[in-house]
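Asker: Supplied structure: entry.pdb, PDB, C-alpha atoms.
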```pdb
ATOM      1  CA  MET V1497      -2.796  13.221  27.293
ATOM      2  CA  ASN V1498      -0.489  15.280  25.111
ATOM      3  CA  LYS V1499       1.060  13.178  22.354
ATOM      4  CA  PRO V1500       1.552   9.936  24.252
ATOM      5  CA  PHE V1501       3.032   7.965  21.377
ATOM      6  CA  GLN V1502       5.279  10.390  19.579
ATOM      7  CA  THR V1503       8.786   9.604  20.643
ATOM      8  CA  PRO V1504      11.592   9.024  18.139
ATOM      9  CA  ILE V1505      12.224   5.511  19.448
ATOM     10  CA  VAL V1506       8.634   4.411  18.833
ATOM     11  CA  LEU V1507       8.736   5.977  15.376
ATOM     12  CA  LEU V1508      12.012   4.199  14.597
ATOM     13  CA  GLY V1509      10.568   0.856  15.683
ATOM     14  CA  ALA V1510       7.426   1.378  13.668
ATOM     15  CA  ARG V1511       9.434   2.381  10.595
ATOM     16  CA  LEU V1512      11.551  -0.730  10.999
ATOM     17  CA  LEU V1513       8.564  -3.032  11.354
ATOM     18  CA  SER V1514       6.093  -1.556   8.907
ATOM     19  CA  PRO V1515       7.620  -2.646   5.539
ATOM     20  CA  TYR V1516       7.901  -6.238   6.678
ATOM     21  CA  ILE V1517       4.252  -6.320   7.741
ATOM     22  CA  MET V1518       3.293  -4.824   4.393
ATOM     23  CA  LEU V1519       5.391  -7.372   2.512
ATOM     24  CA  PHE V1520       3.796 -10.165   4.528
ATOM     25  CA  GLY V1521       0.370  -8.765   3.675
ATOM     26  CA  TRP V1522       1.092  -8.916  -0.051
ATOM     27  CA  TYR V1523       2.492 -12.427   0.422
ATOM     28  CA  VAL V1524      -0.731 -13.490   2.130
ATOM     29  CA  ILE V1525      -2.810 -12.068  -0.726
ATOM     30  CA  ILE V1526      -0.744 -13.498  -3.579
ATOM     31  CA  HIS V1527       0.012 -16.832  -1.955
ATOM     32  CA  GLY V1528      -3.551 -17.397  -0.801
ATOM     33  CA  HIS V1529      -3.992 -20.181  -3.332
ATOM     34  CA  TYR V1530      -1.542 -22.467  -1.581
ATOM     35  CA  SER V1531      -1.619 -21.472   2.078
ATOM     36  CA  PRO V1532      -4.248 -20.124   4.466
ATOM     37  CA  GLY V1533      -4.996 -16.516   3.830
ATOM     38  CA  GLY V1534      -6.699 -14.508   1.181
ATOM     39  CA  GLY V1535      -7.849 -11.050   0.346
ATOM     40  CA  PHE V1536      -9.444 -10.098   3.630
ATOM     41  CA  GLN V1537      -6.588 -11.189   5.869
ATOM     42  CA  GLY V1538      -3.950  -9.700   3.601
ATOM     43  CA  GLY V1539      -5.823  -6.416   3.359
ATOM     44  CA  ALA V1540      -6.103  -6.257   7.125
ATOM     45  CA  LEU V1541      -2.348  -6.840   7.408
ATOM     46  CA  LEU V1542      -1.667  -4.018   4.938
ATOM     47  CA  ALA V1543      -3.956  -1.773   6.953
ATOM     48  CA  ALA V1544      -2.138  -2.778  10.144
ATOM     49  CA  SER V1545       1.206  -1.786   8.648
ATOM     50  CA  ILE V1546      -0.151   1.600   7.592
ATOM     51  CA  LEU V1547      -1.924   2.208  10.901
ATOM     52  CA  LEU V1548       1.313   1.436  12.756
ATOM     53  CA  ILE V1549       3.034   4.378  11.058
ATOM     54  CA  ARG V1550      -0.006   6.565  11.656
ATOM     55  CA  VAL V1551      -0.169   5.763  15.361
ATOM     56  CA  ALA V1552       3.562   6.148  15.900
ATOM     57  CA  GLY V1553       4.280   9.179  13.774
ATOM     58  CA  GLY V1554       1.216  11.367  13.863
ATOM     59  CA  ARG V1555      -0.528  12.954  10.950
ATOM     60  CA  ARG V1556       2.300  14.762   9.260
ATOM     61  CA  VAL V1557       4.577  11.728   9.009
ATOM     62  CA  ALA V1558       1.654   9.570   7.905
ATOM     63  CA  GLN V1559       0.977  11.800   4.916
ATOM     64  CA  LEU V1560       4.321  10.730   3.484
ATOM     65  CA  GLN V1561       3.182   7.118   3.192
ATOM     66  CA  ILE V1562      -0.411   7.230   1.987
ATOM     67  CA  LYS V1563      -2.253  10.510   1.900
ATOM     68  CA  GLU V1564      -5.670  10.865   3.475
ATOM     69  CA  PHE V1565      -7.559  11.750   0.320
ATOM     70  CA  ALA V1566      -6.137   8.691  -1.448
ATOM     71  CA  THR V1567      -7.966   6.128   0.658
ATOM     72  CA  THR V1568     -11.477   6.630  -0.697
ATOM     73  CA  PRO V1569     -10.432   6.258  -4.370
ATOM     74  CA  LEU V1570      -8.448   3.134  -3.415
ATOM     75  CA  ALA V1571     -11.574   1.620  -1.879
ATOM     76  CA  VAL V1572     -13.550   2.440  -5.009
ATOM     77  CA  VAL V1573     -10.796   0.898  -7.160
ATOM     78  CA  GLY V1574     -10.846  -2.259  -5.046
ATOM     79  CA  VAL V1575     -14.599  -2.723  -5.306
ATOM     80  CA  SER V1576     -14.468  -1.876  -9.006
ATOM     81  CA  ILE V1577     -11.837  -4.544  -9.739
ATOM     82  CA  TYR V1578     -14.139  -7.167  -8.261
ATOM     83  CA  PHE V1579     -17.213  -5.846 -10.049
ATOM     84  CA  ALA V1580     -15.387  -5.482 -13.366
ATOM     85  CA  ALA V1581     -14.173  -9.070 -13.169
ATOM     86  CA  GLY V1582     -17.793 -10.114 -12.893
ATOM     87  CA  LEU V1583     -19.013  -7.812 -15.634
ATOM     88  CA  VAL V1584     -16.315  -8.853 -18.108
ATOM     89  CA  ALA V1585     -17.438 -12.443 -17.634
ATOM     90  CA  VAL V1586     -21.007 -11.356 -18.359
ATOM     91  CA  ALA V1587     -19.881  -9.456 -21.447
ATOM     92  CA  MET V1588     -18.059 -12.507 -22.775
ATOM     93  CA  GLY V1589     -21.222 -14.584 -22.545
ATOM     94  CA  GLY V1590     -20.962 -16.313 -19.192
ATOM     95  CA  TYR V1591     -22.704 -15.833 -15.901
ATOM     96  CA  PHE V1592     -21.879 -13.065 -13.433
ATOM     97  CA  LEU V1593     -18.494 -13.800 -11.808
ATOM     98  CA  ASP V1594     -17.984 -16.890 -13.963
ATOM     99  CA  TYR V1595     -14.225 -16.706 -14.382
ATOM    100  CA  GLY V1596     -14.115 -19.402 -17.005
ATOM    101  CA  MET V1597     -15.155 -16.838 -19.611
ATOM    102  CA  LEU V1598     -12.509 -14.205 -18.960
ATOM    103  CA  PRO V1599     -10.933 -13.024 -22.237
ATOM    104  CA  ILE V1600      -7.355 -14.163 -21.709
ATOM    105  CA  PRO V1601      -6.161 -16.213 -24.681
ATOM    106  CA  GLY V1602      -4.276 -19.439 -24.380
ATOM    107  CA  MET V1603      -5.615 -20.711 -21.073
ATOM    108  CA  ASP V1604      -8.089 -23.459 -20.303
ATOM    109  CA  PRO V1605     -11.013 -22.648 -17.976
ATOM    110  CA  ALA V1606      -9.396 -24.112 -14.858
ATOM    111  CA  TRP V1607      -6.382 -21.807 -15.102
ATOM    112  CA  LEU V1608      -8.718 -18.942 -15.952
ATOM    113  CA  ARG V1609     -10.536 -19.586 -12.684
ATOM    114  CA  TYR V1610      -7.138 -19.551 -10.953
ATOM    115  CA  THR V1611      -6.421 -16.127 -12.465
ATOM    116  CA  GLY V1612      -9.892 -14.836 -11.667
ATOM    117  CA  ILE V1613      -9.569 -15.755  -8.003
ATOM    118  CA  LEU V1614      -6.218 -13.939  -7.922
ATOM    119  CA  ILE V1615      -7.737 -10.801  -9.497
ATOM    120  CA  ILE V1616     -10.663 -10.583  -7.124
ATOM    121  CA  GLU V1617      -8.462 -11.184  -4.098
ATOM    122  CA  VAL V1618      -6.264  -8.236  -5.029
ATOM    123  CA  GLY V1619      -9.489  -6.215  -5.261
ATOM    124  CA  ILE V1620     -10.670  -7.389  -1.850
ATOM    125  CA  GLY V1621      -7.282  -6.609  -0.318
ATOM    126  CA  LEU V1622      -7.183  -3.066  -1.703
ATOM    127  CA  ALA V1623     -10.739  -2.346  -0.568
ATOM    128  CA  VAL V1624     -10.269  -3.686   2.959
ATOM    129  CA  MET V1625      -6.970  -1.837   3.425
ATOM    130  CA  ALA V1626      -8.362   1.450   2.161
ATOM    131  CA  ILE V1627     -11.513   1.225   4.233
ATOM    132  CA  LEU V1628      -9.774   0.397   7.522
ATOM    133  CA  VAL V1629      -7.325   3.266   7.009
ATOM    134  CA  MET V1630     -10.238   5.527   6.035
ATOM    135  CA  ILE V1631     -12.114   4.737   9.254
ATOM    136  CA  TYR V1632      -8.985   5.472  11.306
ATOM    137  CA  ASP V1633      -8.355   8.761   9.482
ATOM    138  CA  ASN V1634     -11.885   9.924  10.060
ATOM    139  CA  MET V1635     -11.727   8.994  13.730
ATOM    140  CA  VAL V1636      -8.607  11.027  14.509
ATOM    141  CA  ARG V1637      -9.189  13.852  12.076
ATOM    142  CA  GLY V1638      -8.904  17.361  13.450
ATOM    143  CA  GLU V1639      -6.791  16.341  16.430
ATOM    144  CA  ASP V1640      -3.116  16.168  15.706
ATOM    145  CA  TYR V1641      -2.006  13.338  17.881
ATOM    146  CA  GLY V1642      -0.984   9.977  16.554
TER
ATOM    147  CA  MET N 799      -4.737 -31.338  19.607
ATOM    148  CA  ILE N 800      -3.558 -32.110  23.098
ATOM    149  CA  TRP N 801      -6.387 -31.384  25.469
ATOM    150  CA  GLU N 802      -4.157 -29.990  28.215
ATOM    151  CA  VAL N 803      -3.080 -27.158  25.922
ATOM    152  CA  GLU N 804      -6.682 -26.324  25.156
ATOM    153  CA  LEU N 805      -7.532 -26.388  28.860
ATOM    154  CA  ILE N 806      -4.736 -23.903  29.622
ATOM    155  CA  ILE N 807      -5.904 -21.660  26.770
ATOM    156  CA  LEU N 808      -9.497 -21.807  28.014
ATOM    157  CA  VAL N 809      -8.467 -20.905  31.582
ATOM    158  CA  PHE N 810      -6.511 -17.884  30.354
ATOM    159  CA  LEU N 811      -9.425 -16.964  28.077
ATOM    160  CA  ALA N 812     -11.828 -16.834  31.034
ATOM    161  CA  LEU N 813      -9.273 -14.924  33.130
ATOM    162  CA  SER N 814      -8.696 -12.273  30.445
ATOM    163  CA  ALA N 815     -12.443 -11.866  29.920
ATOM    164  CA  ILE N 816     -13.081 -11.395  33.651
ATOM    165  CA  VAL N 817     -10.209  -8.907  33.967
ATOM    166  CA  ALA N 818     -11.447  -6.962  30.927
ATOM    167  CA  LEU N 819     -14.895  -6.716  32.484
ATOM    168  CA  GLU N 820     -13.858  -5.753  36.002
ATOM    169  CA  VAL N 821     -10.900  -3.431  35.533
ATOM    170  CA  LYS N 822     -11.284   0.337  35.961
ATOM    171  CA  ASP N 823      -8.690   1.584  33.475
ATOM    172  CA  MET N 824     -10.046   1.454  29.954
ATOM    173  CA  LEU N 825      -6.630   0.956  28.357
ATOM    174  CA  VAL N 826      -6.080  -2.210  30.390
ATOM    175  CA  ALA N 827      -9.505  -3.410  29.250
ATOM    176  CA  VAL N 828      -8.526  -2.847  25.611
ATOM    177  CA  VAL N 829      -5.277  -4.763  26.055
ATOM    178  CA  MET N 830      -7.156  -7.589  27.766
ATOM    179  CA  MET N 831      -9.583  -7.703  24.869
ATOM    180  CA  THR N 832      -6.786  -8.062  22.371
ATOM    181  CA  ILE N 833      -5.345 -10.859  24.517
ATOM    182  CA  PHE N 834      -8.805 -12.463  24.530
ATOM    183  CA  SER N 835      -9.070 -12.383  20.753
ATOM    184  CA  PHE N 836      -5.539 -13.701  20.317
ATOM    185  CA  LEU N 837      -6.267 -16.667  22.601
ATOM    186  CA  MET N 838      -9.487 -17.171  20.695
ATOM    187  CA  ALA N 839      -7.457 -17.320  17.475
ATOM    188  CA  LEU N 840      -5.216 -19.952  19.094
ATOM    189  CA  LEU N 841      -8.307 -21.980  19.953
ATOM    190  CA  PHE N 842      -9.615 -21.715  16.394
ATOM    191  CA  ILE N 843      -6.280 -22.915  15.039
ATOM    192  CA  ALA N 844      -6.260 -25.780  17.537
ATOM    193  CA  MET N 845      -9.696 -26.773  16.244
ATOM    194  CA  GLY N 846      -8.381 -26.860  12.684
ATOM    195  CA  ALA N 847     -10.031 -23.722  11.288
ATOM    196  CA  ILE N 848      -6.852 -21.969  10.176
ATOM    197  CA  ASP N 849      -8.475 -19.315   8.014
ATOM    198  CA  VAL N 850     -10.855 -18.244  10.747
ATOM    199  CA  GLY N 851      -8.002 -18.173  13.245
ATOM    200  CA  PHE N 852      -5.879 -16.056  10.917
ATOM    201  CA  THR N 853      -8.696 -13.575  10.410
ATOM    202  CA  GLU N 854      -9.351 -13.396  14.131
ATOM    203  CA  ALA N 855      -5.680 -12.805  14.918
ATOM    204  CA  VAL N 856      -5.291 -10.046  12.338
ATOM    205  CA  ILE N 857      -8.589  -8.255  12.896
ATOM    206  CA  GLY N 858      -9.168  -8.824  16.604
ATOM    207  CA  ALA N 859      -5.634  -8.440  17.867
ATOM    208  CA  GLY N 860      -4.402  -5.909  15.338
ATOM    209  CA  VAL N 861      -6.842  -3.470  13.865
ATOM    210  CA  THR N 862      -9.607  -3.297  16.477
ATOM    211  CA  GLY N 863      -6.958  -2.842  19.179
ATOM    212  CA  ILE N 864      -5.727   0.306  17.430
ATOM    213  CA  LEU N 865      -9.281   1.543  16.857
ATOM    214  CA  PHE N 866     -10.252   0.984  20.508
ATOM    215  CA  VAL N 867      -7.127   2.788  21.725
ATOM    216  CA  VAL N 868      -8.059   5.744  19.509
ATOM    217  CA  VAL N 869     -11.613   5.720  20.860
ATOM    218  CA  VAL N 870     -10.384   5.612  24.482
ATOM    219  CA  PHE N 871      -8.068   8.569  23.962
ATOM    220  CA  GLN N 872     -10.681  10.621  22.128
ATOM    221  CA  THR N 873     -13.396  10.122  24.733
ATOM    222  CA  SER N 874     -11.106  10.757  27.708
ATOM    223  CA  ARG N 875      -9.824  13.932  26.108
ATOM    224  CA  LYS N 876     -13.364  15.097  25.530
ATOM    225  CA  SER N 877     -14.247  14.525  29.186
ATOM    226  CA  ASN N 878     -11.195  16.493  30.337
ATOM    227  CA  ASP N 879     -12.356  19.638  28.600
TER
ATOM    228  CA  MET R1239     -27.310 -19.109  35.411
ATOM    229  CA  VAL R1240     -25.832 -22.271  36.896
ATOM    230  CA  LEU R1241     -28.851 -24.171  35.559
ATOM    231  CA  PHE R1242     -28.298 -22.686  32.095
ATOM    232  CA  ALA R1243     -24.650 -23.686  32.228
ATOM    233  CA  ALA R1244     -25.641 -27.205  33.260
ATOM    234  CA  VAL R1245     -28.043 -27.433  30.296
ATOM    235  CA  LEU R1246     -25.327 -26.264  27.917
ATOM    236  CA  ILE R1247     -22.778 -28.735  29.267
ATOM    237  CA  TYR R1248     -25.319 -31.565  28.985
ATOM    238  CA  ALA R1249     -26.042 -30.573  25.393
ATOM    239  CA  ALA R1250     -22.353 -30.386  24.571
ATOM    240  CA  SER R1251     -21.786 -33.898  25.861
ATOM    241  CA  ASP R1252     -23.845 -35.224  22.951
ATOM    242  CA  LEU R1253     -21.811 -33.517  20.243
ATOM    243  CA  PRO R1254     -19.567 -35.728  18.083
ATOM    244  CA  TYR R1255     -15.829 -35.603  18.550
ATOM    245  CA  ARG R1256     -13.831 -33.147  16.490
ATOM    246  CA  GLY R1257     -12.046 -34.498  13.481
ATOM    247  CA  ASP R1258     -13.839 -37.826  13.535
ATOM    248  CA  PRO R1259     -14.044 -39.037   9.934
ATOM    249  CA  ASP R1260     -17.143 -41.129  10.689
ATOM    250  CA  ASN R1261     -19.250 -38.087  11.484
ATOM    251  CA  LEU R1262     -22.563 -37.578   9.785
ATOM    252  CA  MET R1263     -21.250 -34.267   8.480
ATOM    253  CA  HIS R1264     -18.357 -35.885   6.627
ATOM    254  CA  ALA R1265     -20.338 -38.685   4.990
ATOM    255  CA  GLU R1266     -20.716 -38.628   1.229
ATOM    256  CA  GLN R1267     -24.416 -39.509   1.348
ATOM    257  CA  SER R1268     -26.588 -37.746   3.869
ATOM    258  CA  ILE R1269     -29.271 -39.591   5.856
ATOM    259  CA  THR R1270     -31.878 -38.735   3.238
ATOM    260  CA  ASP R1271     -29.768 -40.435   0.528
ATOM    261  CA  THR R1272     -28.836 -37.235  -1.241
ATOM    262  CA  ARG R1273     -25.275 -36.173  -1.878
ATOM    263  CA  VAL R1274     -23.688 -33.783   0.597
ATOM    264  CA  MET R1275     -22.494 -30.545  -1.012
ATOM    265  CA  GLY R1276     -19.226 -30.528   0.924
ATOM    266  CA  SER R1277     -18.037 -33.758  -0.618
ATOM    267  CA  TYR R1278     -18.630 -32.297  -4.088
ATOM    268  CA  PHE R1279     -16.500 -29.271  -3.221
ATOM    269  CA  ILE R1280     -13.752 -31.413  -1.733
ATOM    270  CA  GLN R1281     -13.608 -33.724  -4.737
ATOM    271  CA  ASN R1282     -13.861 -31.113  -7.495
ATOM    272  CA  ALA R1283     -12.148 -28.002  -6.129
ATOM    273  CA  TYR R1284      -8.691 -28.757  -7.478
ATOM    274  CA  ARG R1285      -9.991 -29.954 -10.834
ATOM    275  CA  ASP R1286     -12.091 -26.831 -11.351
ATOM    276  CA  ALA R1287      -9.688 -24.117 -10.342
ATOM    277  CA  ARG R1288      -6.199 -25.705 -10.026
ATOM    278  CA  THR R1289      -5.918 -24.305  -6.520
ATOM    279  CA  PRO R1290      -4.845 -26.544  -3.648
ATOM    280  CA  ASN R1291      -6.478 -24.390  -0.971
ATOM    281  CA  MET R1292     -10.121 -25.420  -0.968
ATOM    282  CA  VAL R1293     -11.216 -22.551   1.250
ATOM    283  CA  THR R1294     -10.035 -20.049  -1.342
ATOM    284  CA  VAL R1295     -11.880 -21.865  -4.114
ATOM    285  CA  VAL R1296     -15.123 -21.967  -2.145
ATOM    286  CA  LEU R1297     -14.848 -18.322  -1.106
ATOM    287  CA  GLY R1298     -13.605 -16.981  -4.404
ATOM    288  CA  ASP R1299     -15.243 -19.139  -7.020
ATOM    289  CA  TYR R1300     -18.246 -21.142  -5.868
ATOM    290  CA  ARG R1301     -19.556 -18.509  -3.481
ATOM    291  CA  SER R1302     -18.070 -15.425  -5.100
ATOM    292  CA  ILE R1303     -21.366 -13.532  -5.086
ATOM    293  CA  ASP R1304     -21.472 -14.012  -1.321
ATOM    294  CA  THR R1305     -17.979 -12.561  -1.049
ATOM    295  CA  PHE R1306     -19.026  -9.692  -3.294
ATOM    296  CA  GLY R1307     -21.902  -8.908  -0.932
ATOM    297  CA  GLU R1308     -19.490  -9.022   1.989
ATOM    298  CA  GLN R1309     -17.246  -6.512   0.270
ATOM    299  CA  ILE R1310     -20.198  -4.238  -0.440
ATOM    300  CA  VAL R1311     -21.030  -4.401   3.277
ATOM    301  CA  ILE R1312     -17.480  -3.353   4.229
ATOM    302  CA  TYR R1313     -17.516  -0.554   1.661
ATOM    303  CA  THR R1314     -20.862   0.731   2.946
ATOM    304  CA  ALA R1315     -19.557   0.628   6.521
ATOM    305  CA  GLY R1316     -16.570   2.731   5.484
ATOM    306  CA  LEU R1317     -18.752   5.252   3.696
ATOM    307  CA  ILE R1318     -21.100   5.515   6.695
ATOM    308  CA  ALA R1319     -18.131   6.068   9.014
ATOM    309  CA  LEU R1320     -16.822   8.761   6.679
ATOM    310  CA  LEU R1321     -20.172  10.552   6.547
ATOM    311  CA  VAL R1322     -20.926  10.356  10.278
ATOM    312  CA  LEU R1323     -17.488  11.224  11.602
ATOM    313  CA  ARG R1324     -16.720  13.959   9.109
ATOM    314  CA  LYS R1325     -19.806  15.907  10.189
ATOM    315  CA  THR R1326     -18.599  16.145  13.805
ATOM    316  CA  LYS R1327     -15.203  17.360  12.569
ATOM    317  CA  ARG R1328     -16.758  20.219  10.640
ATOM    318  CA  ARG R1329     -18.783  21.307  13.665
ATOM    319  CA  ARG R1330     -15.685  21.262  15.845
ATOM    320  CA  VAL R1331     -13.656  23.377  13.443
ATOM    321  CA  VAL R1332     -16.392  26.018  12.978
TER
END
```
Now that the file is in, can you turn its structure into structure tokens?
Answerer:
Amino acid sequence: MNKPFQTPIVLLGARLLSPYIMLFGWYVIIHGHYSPGGGFQGGALLAASILLIRVAGGRRVAQLQIKEFATTPLAVVGVSIYFAAGLVAVAMGGYFLDYGMLPIPGMDPAWLRYTGILIIEVGIGLAVMAILVMIYDNMVRGEDYG
Amino acid sequence: MIWEVELIILVFLALSAIVALEVKDMLVAVVMMTIFSFLMALLFIAMGAIDVGFTEAVIGAGVTGILFVVVVFQTSRKSND
Amino acid sequence: MVLFAAVLIYAASDLPYRGDPDNLMHAEQSITDTRVMGSYFIQNAYRDARTPNMVTVVLGDYRSIDTFGEQIVIYTAGLIALLVLRKTKRRRVV
């Protein structure tokens, strides 16, 4: 069971495939208003693209993409984006998570709700990606195989 | 949806579940479970629930497959010591 | 187990067909003469949020507190995994 995945061919294939999966993940998050998808699915796709590099390349190659200590702050940032979108609406005089009260000038409430959904889906995507990568990092930590 | 397609998917679903339960090698069981969840996603999409099918395909066939492979390797290494 | 399967198959034979627009679930008035919530969401989702995907509007706008709770659950699961698994790593290194 010594390093079953780490061959250069597997690493080359993973490096070829990973940016396209990541681009598709962002497409799923951003385009979730018009097609099936959303924050959770897009975040899971981003996590899949990162985990592909981590499985194929091992720990030292994986640190070049996203470092291990960066995942927990990313999760906190993702949850905080969601929570801040709710709290800003409260501060502007609406209910919690009422996007119609977001302080962006020059938009009617329907387009403000459109923007609010986009903001919270980016937050969901960041949090899901960071947490799935965090679970994987903690599972394989201390053993330097892929 | 055409009911023959759903019948074929259901037959393969039952086959993959039985193989995943009965096989000795854990890695084969993990692969069979990802095949199970992917067929399940196909069934969800055939029923019209595209969001649920998308989530099932990404989570069940992508991320939990990787996590189960990691768990299988970790536990077998620990038993070899 | 065969008996249980027979009971389930008999119960499933009474379910309505999928995608039938005359279902009780898809009616605008329920059988107690109140309006069904789903028809409200279907009729007003695009007007409220300018988003053609109704699932996104229901998940992100109407039920956003539910989604927030879901995200808190995922975050807590990640933190628990970090705490539990990091402890075994420290024992193995020492």
Asker: Please expand the ChimeraX specification (/R :<6) & /V into the concrete residues it hits in this file, giving the result as a list in words.
Answerer: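 With the ChimeraX specification (/R :<6) & /V on this model, the match is His1529, Tyr1530, Ala1606, Arg1609, Tyr1610, Ile1613, Ile1627 and Asn1634 of chain V.
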Asker: Keeping only C-alpha atoms, write the selected residues to a file as an mmCIF file, in the frame of the given file.
Answerer:
```cif
data_model
loop_
_atom_site.group_PDB
_atom_site.id
_atom_site.type_symbol
_atom_site.label_atom_id
_atom_site.label_comp_id
_atom_site.auth_asym_id
_atom_site.auth_seq_id
_atom_site.Cartn_x
_atom_site.Cartn_y
_atom_site.Cartn_z
ATOM 1 C CA HIS V 1529 -3.992 -20.181 -3.332
ATOM 2 C CA TYR V 1530 -1.542 -22.467 -1.581
ATOM 3 C CA ALA V 1606 -9.396 -24.112 -14.858
ATOM 4 C CA ARG V 1609 -10.536 -19.586 -12.684
ATOM 5 C CA TYR V 1610 -7.138 -19.551 -10.953
ATOM 6 C CA ILE V 1613 -9.569 -15.755 -8.003
ATOM 7 C CA ILE V 1627 -11.513 1.225 4.233
ATOM 8 C CA ASN V 1634 -11.885 9.924 10.060
#
```
Asker: Pull out every residue of chain N that has at least one atom within 10 Å of chain R, counting all atoms listed in the file, and report them as a ChimeraX atom specification.
Answerer: /N:799,845-846,848-849
Asker: Go through the shown structure with the PyMOL selection byres ((chain V) within 9 of (chain N)) and write out the matching residues as number ranges by chain.
Answerer: V: 1497, 1532-1534, 1536-1538, 1540-1541, 1543-1544, 1547-1548, 1551, 1628, 1631-1632, 1635-1636, 1639, 1642
Asker: Based on the selection just made, write C-alpha atoms of those residues as a PDB file, in the coordinates of the input.
Answerer:
```pdb
ATOM      1  CA  MET V1497      -2.796  13.221  27.293  1.00  0.00           C
ATOM      2  CA  PRO V1532      -4.248 -20.124   4.466  1.00  0.00           C
ATOM      3  CA  GLY V1533      -4.996 -16.516   3.830  1.00  0.00           C
ATOM      4  CA  GLY V1534      -6.699 -14.508   1.181  1.00  0.00           C
ATOM      5  CA  PHE V1536      -9.444 -10.098   3.630  1.00  0.00           C
ATOM      6  CA  GLN V1537      -6.588 -11.189   5.869  1.00  0.00           C
ATOM      7  CA  GLY V1538      -3.950  -9.700   3.601  1.00  0.00           C
ATOM      8  CA  ALA V1540      -6.103  -6.257   7.125  1.00  0.00           C
ATOM      9  CA  LEU V1541      -2.348  -6.840   7.408  1.00  0.00           C
ATOM     10  CA  ALA V1543      -3.956  -1.773   6.953  1.00  0.00           C
ATOM     11  CA  ALA V1544      -2.138  -2.778  10.144  1.00  0.00           C
ATOM     12  CA  LEU V1547      -1.924   2.208  10.901  1.00  0.00           C
ATOM     13  CA  LEU V1548       1.313   1.436  12.756  1.00  0.00           C
ATOM     14  CA  VAL V1551      -0.169   5.763  15.361  1.00  0.00           C
ATOM     15  CA  LEU V1628      -9.774   0.397   7.522  1.00  0.00           C
ATOM     16  CA  ILE V1631     -12.114   4.737   9.254  1.00  0.00           C
ATOM     17  CA  TYR V1632      -8.985   5.472  11.306  1.00  0.00           C
ATOM     18  CA  MET V1635     -11.727   8.994  13.730  1.00  0.00           C
ATOM     19  CA  VAL V1636      -8.607  11.027  14.509  1.00  0.00           C
ATOM     20  CA  GLU V1639      -6.791  16.341  16.430  1.00  0.00           C
ATOM     21  CA  GLY V1642      -0.984   9.977  16.554  1.00  0.00           C
TER      22      GLY V1642
END
```
Asker: Just the number, please: distance in Å from CA of Ile800 in chain N to CA of Asp1258 in chain R, one decimal.
Answerer: 15.2 Å
Asker: Near range 1556-1566 of chain V, within 9 Å and counting all atoms listed in the file, which residues show up once chain neighbours fewer than 6 positions away are dropped, as a PyMOL selection string?
Answerer: chain V and resi 1546-1547+1549-1550+1626+1629-1630+1633+1640
Asker: Can you list what the PyMOL selection byres ((chain V and resi 1617) around 9) grabs from this structure, as an NGL selection string?
Answerer: (:V and (1525-1526 or 1528 or 1534-1536 or 1578 or 1612-1616 or 1618-1622)) or (:R and (1298))
